[in-house]
Structure formats: C-alpha cells, structure tokens
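> Hey, dropping work-v5.pdb in here, PDB, C-alpha atoms and all ligand atoms:
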ATOM      1  CA  MET A   1      -7.018 -17.654  25.640
ATOM      2  CA  SER A   2     -10.727 -16.924  25.303
ATOM      3  CA  GLU A   3     -13.100 -19.467  23.741
ATOM      4  CA  THR A   4     -13.777 -17.211  20.790
ATOM      5  CA  SER A   5     -10.117 -16.762  19.803
ATOM      6  CA  ARG A   6      -9.498 -17.243  16.119
ATOM      7  CA  ALA A   7      -7.183 -20.065  15.123
ATOM      8  CA  ILE A   8      -5.020 -20.237  11.992
ATOM      9  CA  VAL A   9      -6.902 -22.456   9.524
ATOM     10  CA  LYS A  10      -4.402 -22.248   6.645
ATOM     11  CA  THR A  11      -0.755 -21.213   6.313
ATOM     12  CA  VAL A  12       0.836 -20.043   3.058
ATOM     13  CA  ALA A  13       4.334 -18.863   2.180
ATOM     14  CA  GLY A  14       4.857 -16.044  -0.288
ATOM     15  CA  GLN A  15       6.069 -16.750  -3.824
ATOM     16  CA  PRO A  16       8.870 -14.723  -5.449
ATOM     17  CA  THR A  17       7.661 -12.924  -8.572
ATOM     18  CA  SER A  18       8.072  -9.581 -10.321
ATOM     19  CA  ASP A  19       5.625  -6.888 -11.364
ATOM     20  CA  GLY A  20       5.619  -3.351 -12.767
ATOM     21  CA  ALA A  21       8.760  -2.796 -14.851
ATOM     22  CA  GLY A  22      10.504  -5.736 -13.147
ATOM     23  CA  VAL A  23      10.274  -5.022  -9.422
ATOM     24  CA  LYS A  24      11.094  -8.165  -7.455
ATOM     25  CA  LEU A  25       8.557  -8.995  -4.774
ATOM     26  CA  ASN A  26       7.018 -11.737  -2.696
ATOM     27  CA  ARG A  27       3.343 -12.413  -3.538
ATOM     28  CA  VAL A  28       1.370 -13.803  -0.621
ATOM     29  CA  ILE A  29      -2.279 -13.403  -1.711
ATOM     30  CA  GLY A  30      -3.059 -13.783  -5.401
ATOM     31  CA  THR A  31      -1.182 -17.059  -5.902
ATOM     32  CA  GLN A  32      -2.400 -20.588  -6.644
ATOM     33  CA  ALA A  33      -2.081 -21.398  -2.936
ATOM     34  CA  LEU A  34      -4.314 -18.450  -1.980
ATOM     35  CA  PRO A  35      -6.005 -16.826  -5.018
ATOM     36  CA  ASP A  36      -7.930 -14.411  -2.798
ATOM     37  CA  LEU A  37      -9.389 -13.996   0.671
ATOM     38  CA  ASP A  38     -12.628 -12.030   0.222
ATOM     39  CA  PRO A  39     -12.434  -8.973   0.202
ATOM     40  CA  PHE A  40      -8.629  -9.131  -0.276
ATOM     41  CA  LEU A  41      -7.411  -9.837  -3.797
ATOM     42  CA  MET A  42      -3.644  -9.530  -3.527
ATOM     43  CA  LEU A  43      -0.863  -8.965  -0.991
ATOM     44  CA  ASP A  44       2.718  -8.272  -2.076
ATOM     45  CA  GLU A  45       5.734  -7.655   0.133
ATOM     46  CA  PHE A  46       8.618  -5.841  -1.583
ATOM     47  CA  ARG A  47      11.876  -5.837   0.356
ATOM     48  CA  SER A  48      15.325  -5.356  -1.093
ATOM     49  CA  ASN A  49      18.636  -3.636  -0.409
ATOM     50  CA  ASN A  50      19.565  -4.094  -4.053
ATOM     51  CA  ALA A  51      18.474  -1.155  -6.234
ATOM     52  CA  GLY A  52      18.404  -3.435  -9.279
ATOM     53  CA  ASP A  53      15.405  -5.203  -7.705
ATOM     54  CA  TYR A  54      13.242  -2.049  -7.513
ATOM     55  CA  ILE A  55      14.757   0.837  -9.518
ATOM     56  CA  ALA A  56      12.535   0.306 -12.586
ATOM     57  CA  GLY A  57       9.466   0.954 -10.416
ATOM     58  CA  PHE A  58       5.854   0.809 -11.521
ATOM     59  CA  PRO A  59       5.436   3.148 -14.516
ATOM     60  CA  ASP A  60       1.973   4.301 -15.681
ATOM     61  CA  HIS A  61      -0.609   1.505 -15.458
ATOM     62  CA  PRO A  62      -4.407   1.397 -15.020
ATOM     63  CA  HIS A  63      -6.725  -0.029 -12.360
ATOM     64  CA  ARG A  64     -10.509  -0.419 -12.161
ATOM     65  CA  GLY A  65     -12.930  -1.923  -9.675
ATOM     66  CA  PHE A  66     -11.018  -2.063  -6.377
ATOM     67  CA  GLU A  67      -8.652  -0.253  -3.980
ATOM     68  CA  THR A  68      -4.862  -0.449  -3.719
ATOM     69  CA  VAL A  69      -3.226   0.116  -0.344
ATOM     70  CA  THR A  70       0.517   0.743  -0.066
ATOM     71  CA  TYR A  71       2.177   0.690   3.360
ATOM     72  CA  MET A  72       5.834   1.701   3.407
ATOM     73  CA  LEU A  73       8.312   0.419   5.996
ATOM     74  CA  ALA A  74      11.524   1.759   4.426
ATOM     75  CA  GLY A  75      12.443   3.778   1.352
ATOM     76  CA  ARG A  76      10.649   6.406  -0.716
ATOM     77  CA  MET A  77       8.347   6.144  -3.721
ATOM     78  CA  ARG A  78       6.683   8.924  -5.698
ATOM     79  CA  HIS A  79       3.036   8.446  -6.673
ATOM     80  CA  GLY A  80       1.421  10.295  -9.571
ATOM     81  CA  ASP A  81      -1.932   9.695 -11.309
ATOM     82  CA  ASN A  82      -4.100  11.015 -14.121
ATOM     83  CA  GLN A  83      -6.562  12.551 -11.616
ATOM     84  CA  GLY A  84      -3.916  15.122 -10.665
ATOM     85  CA  ASN A  85      -2.843  13.539  -7.360
ATOM     86  CA  THR A  86       0.824  13.308  -6.390
ATOM     87  CA  GLY A  87       2.308  12.014  -3.170
ATOM     88  CA  LEU A  88       5.524  10.865  -1.582
ATOM     89  CA  LEU A  89       5.352   7.467   0.050
ATOM     90  CA  ARG A  90       7.866   7.454   2.900
ATOM     91  CA  PRO A  91       8.574   5.139   5.831
ATOM     92  CA  GLY A  92       5.451   4.655   7.953
ATOM     93  CA  SER A  93       3.048   6.250   5.457
ATOM     94  CA  VAL A  94      -0.014   4.709   3.859
ATOM     95  CA  GLN A  95      -1.512   5.417   0.474
ATOM     96  CA  TRP A  96      -5.102   4.215   0.061
ATOM     97  CA  MET A  97      -6.173   4.596  -3.561
ATOM     98  CA  THR A  98      -9.716   3.887  -4.719
ATOM     99  CA  ALA A  99      -9.430   3.062  -8.413
ATOM    100  CA  GLY A 100     -13.225   2.978  -8.852
ATOM    101  CA  ARG A 101     -14.217   3.447 -12.510
ATOM    102  CA  GLY A 102     -10.613   3.968 -13.568
ATOM    103  CA  ILE A 103      -7.281   5.514 -12.720
ATOM    104  CA  VAL A 104      -3.852   5.469 -14.354
ATOM    105  CA  HIS A 105      -0.979   5.866 -11.916
ATOM    106  CA  SER A 106       2.729   5.322 -11.413
ATOM    107  CA  GLU A 107       4.817   4.510  -8.352
ATOM    108  CA  MET A 108       8.508   5.227  -8.897
ATOM    109  CA  PRO A 109      11.399   4.916  -6.415
ATOM    110  CA  GLU A 110      12.839   8.197  -5.143
ATOM    111  CA  GLN A 111      16.140   6.643  -4.172
ATOM    112  CA  GLU A 112      18.994   5.040  -6.049
ATOM    113  CA  ASP A 113      20.225   2.750  -3.297
ATOM    114  CA  GLY A 114      19.319   1.492   0.172
ATOM    115  CA  LEU A 115      16.451  -0.560   1.521
ATOM    116  CA  MET A 116      13.021  -0.421  -0.116
ATOM    117  CA  TRP A 117      10.438  -2.275   1.981
ATOM    118  CA  GLY A 118       6.680  -2.290   2.176
ATOM    119  CA  PHE A 119       3.394  -3.923   1.264
ATOM    120  CA  GLN A 120       0.749  -3.514  -1.365
ATOM    121  CA  LEU A 121      -2.707  -4.884  -0.591
ATOM    122  CA  TRP A 122      -5.629  -4.948  -3.016
ATOM    123  CA  VAL A 123      -9.065  -4.558  -1.409
ATOM    124  CA  ASN A 124     -12.121  -5.349  -3.502
ATOM    125  CA  LEU A 125     -15.061  -3.006  -3.968
ATOM    126  CA  PRO A 126     -18.695  -4.199  -4.070
ATOM    127  CA  ALA A 127     -20.560  -4.065  -7.403
ATOM    128  CA  ARG A 128     -22.330  -0.858  -6.367
ATOM    129  CA  ASP A 129     -18.980   0.953  -5.863
ATOM    130  CA  LYS A 130     -16.857  -0.450  -8.702
ATOM    131  CA  MET A 131     -17.660   2.502 -10.979
ATOM    132  CA  THR A 132     -17.397   5.162  -8.256
ATOM    133  CA  ALA A 133     -15.178   8.233  -8.773
ATOM    134  CA  PRO A 134     -11.473   7.537  -8.152
ATOM    135  CA  ALA A 135     -10.125   8.769  -4.811
ATOM    136  CA  TYR A 136      -6.753   9.021  -3.127
ATOM    137  CA  GLN A 137      -5.938   9.127   0.604
ATOM    138  CA  ASP A 138      -2.265   9.946   1.246
ATOM    139  CA  ILE A 139      -1.657   9.466   4.948
ATOM    140  CA  ASP A 140       1.506  10.798   6.567
ATOM    141  CA  PRO A 141       3.182   8.669   9.264
ATOM    142  CA  GLU A 142       2.309  11.265  11.937
ATOM    143  CA  ARG A 143      -1.419  10.718  11.321
ATOM    144  CA  ILE A 144      -1.268   7.011  12.127
ATOM    145  CA  PRO A 145      -1.982   6.443  15.841
ATOM    146  CA  GLN A 146       0.570   4.364  17.725
ATOM    147  CA  VAL A 147      -0.672   2.682  20.905
ATOM    148  CA  ARG A 148       1.012   0.598  23.629
ATOM    149  CA  PRO A 149      -1.760  -1.446  25.219
ATOM    150  CA  ALA A 150       0.713  -3.492  27.304
ATOM    151  CA  GLU A 151       4.408  -3.832  28.068
ATOM    152  CA  GLY A 152       6.266  -4.896  24.914
ATOM    153  CA  VAL A 153       3.270  -4.353  22.599
ATOM    154  CA  THR A 154       3.304  -1.490  20.068
ATOM    155  CA  ILE A 155       0.516  -1.141  17.503
ATOM    156  CA  ARG A 156       0.239   1.266  14.594
ATOM    157  CA  VAL A 157      -3.449   1.614  13.688
ATOM    158  CA  LEU A 158      -3.757   2.136   9.933
ATOM    159  CA  ALA A 159      -7.461   1.256   9.757
ATOM    160  CA  GLY A 160     -10.068   0.105  12.269
ATOM    161  CA  ASP A 161      -9.809   0.165  16.060
ATOM    162  CA  ALA A 162      -7.116  -1.017  18.470
ATOM    163  CA  GLY A 163      -6.000   0.033  21.952
ATOM    164  CA  GLY A 164      -8.574   2.836  22.084
ATOM    165  CA  ALA A 165      -7.386   4.422  18.819
ATOM    166  CA  THR A 166      -9.041   4.537  15.394
ATOM    167  CA  GLY A 167      -7.043   4.474  12.182
ATOM    168  CA  PRO A 168      -7.313   7.322   9.646
ATOM    169  CA  VAL A 169      -8.419   5.275   6.628
ATOM    170  CA  ALA A 170     -12.083   5.286   5.597
ATOM    171  CA  ALA A 171     -13.329   2.365   3.475
ATOM    172  CA  PRO A 172     -17.039   1.973   4.250
ATOM    173  CA  ALA A 173     -17.832  -1.111   2.145
ATOM    174  CA  THR A 174     -15.253  -3.440   3.721
ATOM    175  CA  GLN A 175     -14.678  -1.709   7.110
ATOM    176  CA  PRO A 176     -11.078  -2.885   7.180
ATOM    177  CA  LEU A 177      -8.887  -3.488  10.196
ATOM    178  CA  TYR A 178      -5.210  -2.972   9.297
ATOM    179  CA  LEU A 179      -2.707  -3.086  12.166
ATOM    180  CA  ASP A 180       1.094  -3.190  12.309
ATOM    181  CA  ILE A 181       1.820  -5.041  15.566
ATOM    182  CA  ALA A 182       5.295  -5.211  17.128
ATOM    183  CA  LEU A 183       5.764  -7.674  19.995
ATOM    184  CA  ALA A 184       8.899  -7.736  22.125
ATOM    185  CA  ASP A 185      10.288 -11.141  23.074
ATOM    186  CA  GLY A 186       7.805 -12.773  25.476
ATOM    187  CA  ALA A 187       4.976 -10.281  24.802
ATOM    188  CA  ARG A 188       1.488 -11.226  23.633
ATOM    189  CA  HIS A 189      -1.567  -9.291  22.501
ATOM    190  CA  GLU A 190      -5.228 -10.215  22.184
ATOM    191  CA  GLN A 191      -6.924  -8.111  19.507
ATOM    192  CA  ALA A 192     -10.660  -7.857  18.834
ATOM    193  CA  VAL A 193     -11.567  -8.642  15.215
ATOM    194  CA  PRO A 194     -15.161  -8.051  14.030
ATOM    195  CA  PRO A 195     -16.787 -11.523  14.023
ATOM    196  CA  GLY A 196     -18.069 -11.374  10.425
ATOM    197  CA  HIS A 197     -14.733 -10.284   8.951
ATOM    198  CA  ASN A 198     -12.312 -12.483   7.025
ATOM    199  CA  GLY A 199      -8.723 -11.868   8.024
ATOM    200  CA  PHE A 200      -5.092 -12.875   8.073
ATOM    201  CA  VAL A 201      -1.817 -12.373   9.881
ATOM    202  CA  TYR A 202       1.433 -11.915   7.923
ATOM    203  CA  VAL A 203       4.709 -12.075   9.858
ATOM    204  CA  PHE A 204       7.490  -9.843   8.512
ATOM    205  CA  GLU A 205      10.018 -10.008  11.349
ATOM    206  CA  GLY A 206      10.823 -12.871  13.707
ATOM    207  CA  LYS A 207       8.261 -15.551  14.545
ATOM    208  CA  ALA A 208       4.757 -15.327  16.018
ATOM    209  CA  ARG A 209       2.533 -17.913  17.679
ATOM    210  CA  ILE A 210      -1.218 -17.768  17.052
ATOM    211  CA  GLY A 211      -2.953 -20.517  19.046
ATOM    212  CA  GLU A 212      -1.183 -23.767  18.121
ATOM    213  CA  THR A 213       0.446 -22.346  14.982
ATOM    214  CA  VAL A 214       3.914 -20.796  14.760
ATOM    215  CA  LEU A 215       4.318 -18.479  11.766
ATOM    216  CA  PRO A 216       7.887 -17.695  10.659
ATOM    217  CA  ARG A 217       8.849 -14.537   8.765
ATOM    218  CA  GLY A 218       7.355 -14.476   5.273
ATOM    219  CA  SER A 219       4.323 -16.614   6.066
ATOM    220  CA  LEU A 220       0.635 -15.765   6.171
ATOM    221  CA  GLY A 221      -1.946 -17.382   8.419
ATOM    222  CA  VAL A 222      -5.626 -17.265   7.437
ATOM    223  CA  LEU A 223      -7.812 -16.646  10.497
ATOM    224  CA  GLY A 224     -10.712 -18.948  11.315
ATOM    225  CA  PRO A 225     -13.967 -17.759  12.901
ATOM    226  CA  GLY A 226     -14.095 -15.973  16.259
ATOM    227  CA  GLU A 227     -14.118 -12.574  17.895
ATOM    228  CA  SER A 228     -10.426 -11.991  18.599
ATOM    229  CA  VAL A 229      -6.937 -13.144  17.748
ATOM    230  CA  THR A 230      -4.053 -13.613  20.180
ATOM    231  CA  ALA A 231      -0.501 -13.269  18.877
ATOM    232  CA  ALA A 232       2.637 -13.974  20.916
ATOM    233  CA  ALA A 233       6.277 -13.344  20.084
ATOM    234  CA  GLN A 234       8.116 -16.648  19.742
ATOM    235  CA  GLY A 235      11.853 -16.796  20.469
ATOM    236  CA  GLY A 236      12.613 -13.078  19.994
ATOM    237  CA  ASP A 237      11.011  -9.845  18.873
ATOM    238  CA  THR A 238       8.425 -10.155  16.133
ATOM    239  CA  ARG A 239       6.394  -7.876  13.913
ATOM    240  CA  LEU A 240       3.311  -8.664  11.861
ATOM    241  CA  ILE A 241       0.392  -7.126  10.063
ATOM    242  CA  LEU A 242      -3.129  -8.138  11.093
ATOM    243  CA  VAL A 243      -5.649  -7.368   8.372
ATOM    244  CA  ALA A 244      -9.391  -8.122   8.300
ATOM    245  CA  GLY A 245     -12.370  -6.942   6.283
ATOM    246  CA  HIS A 246     -16.063  -7.510   5.666
ATOM    247  CA  PRO A 247     -16.421 -10.090   2.867
ATOM    248  CA  LEU A 248     -18.418  -9.008  -0.186
ATOM    249  CA  GLY A 249     -19.704 -12.428  -1.274
ATOM    250  CA  GLU A 250     -19.824 -11.440  -4.951
ATOM    251  CA  PRO A 251     -18.340 -13.067  -8.072
ATOM    252  CA  VAL A 252     -14.708 -11.995  -8.686
ATOM    253  CA  VAL A 253     -13.432 -11.796 -12.273
ATOM    254  CA  LYS A 254      -9.790 -10.628 -12.402
ATOM    255  CA  TYR A 255      -7.870  -9.623 -15.470
ATOM    256  CA  GLY A 256      -4.532  -8.048 -14.588
ATOM    257  CA  PRO A 257      -5.240  -4.604 -13.113
ATOM    258  CA  PHE A 258      -9.036  -4.876 -13.578
ATOM    259  CA  VAL A 259     -11.251  -6.671 -11.039
ATOM    260  CA  MET A 260     -14.956  -6.792 -11.839
ATOM    261  CA  ASN A 261     -17.976  -9.091 -11.317
ATOM    262  CA  SER A 262     -18.326 -10.477 -14.864
ATOM    263  CA  GLU A 263     -16.391 -11.155 -18.091
ATOM    264  CA  GLN A 264     -18.565  -8.566 -19.824
ATOM    265  CA  GLU A 265     -17.429  -5.881 -17.357
ATOM    266  CA  ILE A 266     -13.792  -6.875 -17.935
ATOM    267  CA  HIS A 267     -14.230  -6.474 -21.720
ATOM    268  CA  GLN A 268     -15.776  -3.056 -21.055
ATOM    269  CA  ALA A 269     -12.844  -2.078 -18.786
ATOM    270  CA  ILE A 270     -10.311  -2.997 -21.495
ATOM    271  CA  ALA A 271     -12.311  -1.113 -24.155
ATOM    272  CA  ASP A 272     -12.676   1.962 -21.912
ATOM    273  CA  PHE A 273      -8.968   1.994 -21.068
ATOM    274  CA  GLN A 274      -7.921   1.570 -24.695
ATOM    275  CA  ALA A 275     -10.268   4.400 -25.711
ATOM    276  CA  GLY A 276      -8.697   6.723 -23.115
ATOM    277  CA  ARG A 277     -11.827   6.862 -20.939
ATOM    278  CA  PHE A 278     -10.051   6.363 -17.577
TER
HETATM  279 CO    CO B 301      -0.949   0.191  -9.329
END
Take the structure in the file and write it out as structure tokens.
Ligand code: CO

Amino acid sequence: MSETSRAIVKTVAGQPTSDGAGVKLNRVIGTQALPDLDPFLMLDEFRSNNAGDYIAGFPDHPHRGFETVTYMLAGRMRHGDNQGNTGLLRPGSVQWMTAGRGIVHSEMPEQEDGLMWGFQLWVNLPARDKMTAPAYQDIDPERIPQVRPAEGVTIRVLAGDAGGATGPVAAPATQPLYLDIALADGARHEQAVPPGHNGFVYVFEGKARIGETVLPRGSLGVLGPGESVTAAAQGGDTRLILVAGHPLGEPVVKYGPFVMNSEQEIHQAIADFQAGRF
C-alpha cells in the first residue's frame, strides 16, 4: 500500500426509512450519523423483491439547488419532469438531473413485481449555480465504460477517470468520481482519487477491506486524506461504489427537497414553488 493511501476515518450503517409515496429504502448519507459529506447531501439504497415496498414510487415532487443522481442495478423506473424530459431508468443506467432553479419530476416503477435495486445520490451545487437552468442527462448502460485493469477487477466508470476510461457525466463544479467496482474473491484495486476531494466507499455486495477496516454489505466508509484508495475483496466476491467530489465549503440549509445557502433562500424556494414558478 502506498503512503498516500486513504484510510477509512468513519464507518456508518444505513438506516431503514421511506420516501416518496412510501418507498422503503436504506438511507446512508442524510442521517444523524452522517448528515452530509460535502458536496454529497444524501445517499439512499433501494433494494426489494417485494413490490409493496416500491410500487407507489415517487410521484410529482420539486427540487431546487442541487443535483440528483440515480444509478439503477435492477428494475425499471420511468422518469418524467415539467421541463419536458422523459426517460426510462433500466439496469446499469444513470440519470443525472440538475434541479438548478427548480424542477418538478416523478420516478415511477415500470414493473409490478421482481427486484428493484439502485441508488440515489444528491450532489450539492455551489451558490453561483443553484439558480442555473434545470438539466437532465439520461445515460444508457452502453455509454458507461467498463474497464478491467487487473484480473478479477471490473469497474464501471459513471463519472471521473479509472483504468484509462472517462465516465460520461459532466458536473463541472464538483468534478465527481463515481465508480461501480466489482472485485472477485482475492482481488484488490488501487484507485487514484483527486487529493482535494471528499469521498466514500459503500459496499453493496459481500465484504471489502480498505486499509485496516472491513466494511460489510450495507455500510459506508468515509475516506480520509490521501491520493488513492485500495479496496480488497474479503472472504468472497464483493461490489462497492466509490464516490468522491470537490467540496464546496459553503453553508448548507436543507428543507426537504430544497437545498440552499440561507433560510431566506429556502423561504423563496417554497414561495416560488407554491406560486408555480418552477
Ligand atoms: Co426527486
């Protein structure tokens, strides 16, 4: 391991909760244990074989001031918004939505049974971009590079650089790295992470070792300082997401689906939404 390898400085387990019209999910960032990790405001994992846990979906709701990123592992959801965008989220696809000054959207299951599994990450926007025009990047699975830098290591590059590939997502303010890393039993991978970025690892299959820390499925490890992170499969195959981004260092005032820099801007967001200005 190199001297500049990042260690895990904090470990948190997700908390069961529900959101939307009653979708059951596991919240990992955005809890008391980890309210945020600048620039990341929330991370949810939804994973269920039971349609009753997801069938009600996420009907029309607003956002302002940040970006929502949905990464699907299994199942199908239909996105629609008041800017005229529609999209089908299917296994392996990513939807990167910039709410900016305001968007109203829905995400509804397009299946009545079977596994629904994926992540939603909220990425903050800096003050200068919070009122930017809304935007929507719907990225098909085929557009996400998959690299095999070593035996037993498979990486899907959603954003940032890994194994000589660059992910398709553009988010200039936070320059995110978002990787889905699969490690076969006994495999390990050292990944460069920009030194100024905050980041985390979340294990969603098996167990992974990062330095001295073993992370079981469903746990998140916050990365300490350094230039790279080394993950190793522990006792079987494992799969994790590695996510990092440039911190904004600005005040964060959250109120439900609105994330701004001040209480005044939150009051304005509520007034604008209620007046139909999104
Ligand atoms: Co939403």
> Which one is closest to A:Thr70: A:Met131, A:Leu158, A:Ile8, A:Leu125? Count all atoms listed in the file.
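Smallest distance to A:Thr70 is found for A:Leu158.
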> Assuming the chain letters and numbering stay as they are in my file, what does the PyMOL selection byres (((chain A and resi 216) around 12) and not hetatm) actually select? List them as a ChimeraX atom specification.
/A:11-14,201-210,213-215,217-221,233-240
> For atom CA of A:Leu121 and atom CA of A:Pro141, determine how far apart the two atoms are, in Å to one decimal place.
17.8 Å
> Any idea what's packed within 10 Å of A:Ala173, counting only C-alpha atoms, ignoring anything in its chain fewer than 2 positions away? Could you give it as JSON, numbers by chain?
{"A": [39, 124, 125, 126, 128, 129, 170, 171, 175, 176, 245, 246, 247, 248]}
> Taking only C-alpha atoms and all ligand atoms into account, list the residues no farther than 12 Å from ligand CO 301 (chain B), as an MDAnalysis selection string.
chainID A and resid 19:21 42 44 57:64 66:70 79:81 95:99 102:108 120:122 256:258
> Between atom CA of A:Tyr136 and atom CA of A:Val94, what is the distance in Å, rounded to a tenth?
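Separation of atom CA of A:Tyr136 and atom CA of A:Val94: 10.6 Å.
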> Expand the PyMOL selection byres (((chain A and resi 54) around 9) and not hetatm) into the explicit residue set it covers here, and present it as a PyMOL selection string.
chain A and resi 21-25+46-48+50-53+55-58+108-109+116
> Which residue out of A:Thr86, A:Gln15, A:Gln111, A:Thr166 has the minimum interatomic distance to A:Gln137 when all atoms listed in the file are used?
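With all atoms listed in the file as the atom set, the closest residue is A:Thr86.
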> Kindly extract all protein, DNA and RNA residues lying within 12 Å of the coordinates (3.7, 1.6, 19.2) given in the file, considering only C-alpha atoms, and supply them as a count of residues only.
26
> Atom CA of A:Asn82 and atom CA of A:Lys254 are how many Å apart?
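Taking atom CA of A:Asn82 and atom CA of A:Lys254, their separation equals 22.4 Å.
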> Looking at all atoms listed in the file, which of A:Leu223, A:Ala269, A:Ala231, A:Ala192 is the one that sits closest to A:Ala7?
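Checking each of A:Leu223, A:Ala269, A:Ala231, A:Ala192 against A:Ala7, counting all atoms listed in the file, the winner is A:Leu223.
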> For each of A:Leu37, A:Ser93, A:Gly100, A:Gly211, take the minimum atom-to-atom distance to A:Pro168, counting all atoms listed in the file, then give the residue where this is smallest.
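Checking each of A:Leu37, A:Ser93, A:Gly100, A:Gly211 against A:Pro168, counting all atoms listed in the file, the winner is A:Ser93.
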> Could you tell me which of A:Val222, A:Ile266, A:Ile139, A:Ala232 comes closest to A:Asp185 if we count all atoms listed in the file?
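Between A:Val222, A:Ile266, A:Ile139, A:Ala232, the residue approaching A:Asp185 most closely is A:Ala232.
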